[in-house]
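Novice: Let me give you the structure first, and then I'll get to my questions.
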Amino acid sequence: MSKAAVLGAGSWGTAFAKVLADAGTDVTLWARRSEIAEAVVTRHENPDYLPGIVLPPTLSATDDHEEALAGADIVVLAVPSQSLRGNLERWAGAIGPDATLLSLAKGIESVTLLRMSEVVSQVASVDPSRVAVLSGPNLAREIALGQPAATVVACADEARALAVQKACATSYFRPYTNTDVIGCEIGGACKNVIALACGMASGIGLGENTIASLITRGLAEIIRLGVALGGNAATLAGLAGVGDLVATCTSPLSRNRSFGERLGLGGSLESAQAATNGQIAEGVKSCTSVRALAAANGVEMPLTDAVHRVCHEGMSVHDAVGMLLGRRIKPE
Ligand SMILES: NC(=O)c1ccc[n+]([C@@H]2O[C@H](COP(=O)([O-])OP(=O)(O)OC[C@H]3O[C@@H](n4cnc5c(N)ncnc54)[C@H](O)[C@@H]3O)[C@@H](O)[C@H]2O)c1
Ligand SMILES: O=P(O)(O)OC[C@H](O)CO
């Protein structure tokens, strides 16, 4: 049986730890704050991130990362993208020599423009074949409620992907394997940016035709970037691409979509941030890094560019819509 450590007790870290426990995997959740670890152990609840969800009594938790990592052959990294490097620097020395490192984060690192698996491999000094990613339409609260969903576990080393797949397969959570780490990570990072755009459109009162157009053209620019970086277009037509894009762009549970909606309703970046209750809408930072990554690879991403301008250059949502519709008309 696998032993897993889940590092990060936010909404997805906690929900995924529940999935692992429900799959029969021996799992310990690491929380930054001792009161969260204590609530998970004594009350079987994470009151800050998944209030009202009953966690399995078999799920243990600690605020000591060395305790969580002892003997773990699957190390799940469940902190936001921009904090992964700093956290992993502290954890790396306690990770076992042959453990698989599984990233749940959906983002592109600011400044370095690295994908999360690249950050992991660099910071932990491990071969990229030891790094796996998990990505798909997986809104944490729905998964924690046991609502059926599928996902993708991608790793260059297929045997490791299979081991992770086995460790997290349950009656409600269906993981598929893939070796296309790049495609999965680009899908996960970029859909957050398109979800911000959909939220903005909804916030200014636009309807379903607009949302469908944003999702479809968003997918087109995501595929362009993924393929330019060496990913597979078929991956982006799957769960880690279209699947996650649709879930995030349409669900009121999505932090990114909700964040965009608040901006569309006229809120400032600061007020939208404050309304997330300490949770992270990854697309707000990733729109800038994805835009830079696209530019560095000669890929056009007009929607991502527009989201960046609204979030970071003071452009209004109405002006962004005008800018997008004023583009040269062309074949699909
Ligand atoms: N929530 C979801 O539905 C969901 C689903 C799939 C993937 N993801 C991805 O998983 C990753 C983690 O997301 P989450 O939803 O669990 O996050 P969250 O915002 O709910 O919680 C973040 C967790 O990371 C911890 N943390 C450690 N260092 C931190 C730092 N420097 N700054 C902020 N938080 C820090 C926090 O204490 C907290 O436990 C993100 O990349 C997200 O995109 C989230
Ligand atoms: O709440 P969001 O917008 O971070 O999205 C959550 C997940 O990534 C959906 O798969």
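Simple scheme: letters A, B, ... for chains in structure tokens order, numbers from 1 for residues in each chain, numbers from 1 for ligands in the order shown.
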Kindly provide, as an MDAnalysis selection string, all nucleotide and amino acid residues lying within 8 Å of ligand 1, counting only C-alpha atoms and all ligand atoms.
Specialist: chainID A and resid 8:14 31:33 49 78:84 86:87 104:107 135:141 188:189 192 253:255 278:282
Novice: Excluding A:Ala195 and residues on its chain fewer than 2 positions from it, collect all residues at most 7 Å away from it, counting only C-alpha atoms, and give them as a list in words.
Specialist: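 Contacts, in chain order: Lys191, Asn192, Val193, Ala197, Cys198, Gly199, Thr248, Cys249, Asn256 and Arg257 of chain A.
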Novice: Could you please determine the separation between atom CA of A:Arg130 and atom CA of A:Val153 in Å, to one decimal place?
Specialist: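 Atom CA of A:Val153 lies at a distance of 12.7 Å from atom CA of A:Arg130.
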Novice: Neighbours of stretch 163-179 of chain A within 7 Å (only C-alpha atoms; same-chain residues fewer than 4 positions away dropped), as a ChimeraX atom specification?
Specialist: /A:2,19-20,22-23,25,146-156,158-159
Novice: Have a look at A:Met301, A:Leu196, A:Glu332, A:Val321 and name the one nearest to A:Val284; count only C-alpha atoms.
Specialist: A:Leu196
Novice: Would you mind listing what lies within 8 Å of stretch 304-317 of chain A as a ChimeraX atom specification, with only C-alpha atoms counted and same-chain residues fewer than 2 positions away left out?
Specialist: /A:193-194,196-197,200-201,204,263-264,269,284,287-288,290-291,301-302,319-321,323-324
Novice: Can you pull out the residues contacting A:Glu66? Cut-off 9 Å, using only C-alpha atoms, and skip same-chain residues under 4 positions away; I want them as a short mmCIF file (atom, residue, chain, number, x, y, z; two decimals) with N, CA and C atoms, in the first residue's frame.
Specialist:
```
data_model
loop_
_atom_site.label_atom_id
_atom_site.label_comp_id
_atom_site.auth_asym_id
_atom_site.auth_seq_id
_atom_site.Cartn_x
_atom_site.Cartn_y
_atom_site.Cartn_z
N ALA A 70 7.61 11.43 6.60
CA ALA A 70 8.33 10.20 6.99
C ALA A 70 7.72 8.98 6.30
N TRP A 91 10.89 21.88 2.50
CA TRP A 91 10.50 20.47 2.63
C TRP A 91 11.50 19.49 2.00
N ALA A 94 13.48 16.53 3.51
CA ALA A 94 12.77 15.45 4.23
C ALA A 94 12.05 14.50 3.27
N ILE A 95 12.20 14.72 1.96
CA ILE A 95 11.51 13.87 0.97
C ILE A 95 12.35 12.64 0.66
#
```
Novice: Taking only stretch 64-298 of chain A into account, list the residues labelled helix (DSSP H, G or I) by DSSP (computed from the backbone), as a PyMOL selection string.
Specialist: chain A and resi 65-69+81-94+116-123+128-130+140-144+158-168+181-203+208-228+233-236+239-250+255-264+269-274+283-296
Novice: At what distance in Å, to one decimal, does atom CA of A:Glu67 lie from atom CA of A:Gly96?
Specialist: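 Distance reported for this atom pair: 12.3 Å.
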Novice: At what distance in Å, to one decimal, does atom CA of A:Ser286 lie from atom CA of A:Ala5?
Specialist: 26.5 Å
Novice: Which of stretch 101-293 of chain A end up as strand (DSSP E) when DSSP is run on this backbone - answer as a list in words?
Specialist: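 Result set for stretch 101-293 of chain A (strand (DSSP E)): Leu101, Leu102, Ser103, Val131, Ala132, Val133, Leu134, Ser135, Ala149, Ala150, Thr151, Val152, Val153, Ala154, Cys155, Phe173, Arg174, Pro175, Tyr176, Thr177 and Asn178 of chain A.
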Novice: Those residues you just picked out, can you put them in a file as an mmCIF file, in the first residue's frame with C-alpha atoms?
Specialist:
```cif
data_model
loop_
_atom_site.group_PDB
_atom_site.id
_atom_site.type_symbol
_atom_site.label_atom_id
_atom_site.label_comp_id
_atom_site.auth_asym_id
_atom_site.auth_seq_id
_atom_site.Cartn_x
_atom_site.Cartn_y
_atom_site.Cartn_z
ATOM 1 C CA LEU A 101 6.368 14.228 -6.241
ATOM 2 C CA LEU A 102 2.832 15.060 -7.355
ATOM 3 C CA SER A 103 1.938 18.691 -8.077
ATOM 4 C CA VAL A 131 7.510 14.493 -10.959
ATOM 5 C CA ALA A 132 3.828 13.921 -11.710
ATOM 6 C CA VAL A 133 0.942 16.386 -12.022
ATOM 7 C CA LEU A 134 -2.761 15.938 -11.414
ATOM 8 C CA SER A 135 -5.171 18.167 -13.299
ATOM 9 C CA ALA A 149 -15.522 13.445 -11.437
ATOM 10 C CA ALA A 150 -12.542 12.401 -13.518
ATOM 11 C CA THR A 151 -9.000 13.729 -13.674
ATOM 12 C CA VAL A 152 -5.612 13.155 -15.306
ATOM 13 C CA VAL A 153 -2.425 11.980 -13.612
ATOM 14 C CA ALA A 154 0.462 12.836 -15.923
ATOM 15 C CA CYS A 155 4.048 11.677 -15.531
ATOM 16 C CA PHE A 173 -13.000 9.901 -8.411
ATOM 17 C CA ARG A 174 -11.724 8.436 -11.686
ATOM 18 C CA PRO A 175 -8.094 9.222 -12.592
ATOM 19 C CA TYR A 176 -6.770 8.604 -16.127
ATOM 20 C CA THR A 177 -3.033 8.421 -16.839
ATOM 21 C CA ASN A 178 -1.134 10.394 -19.477
#
```
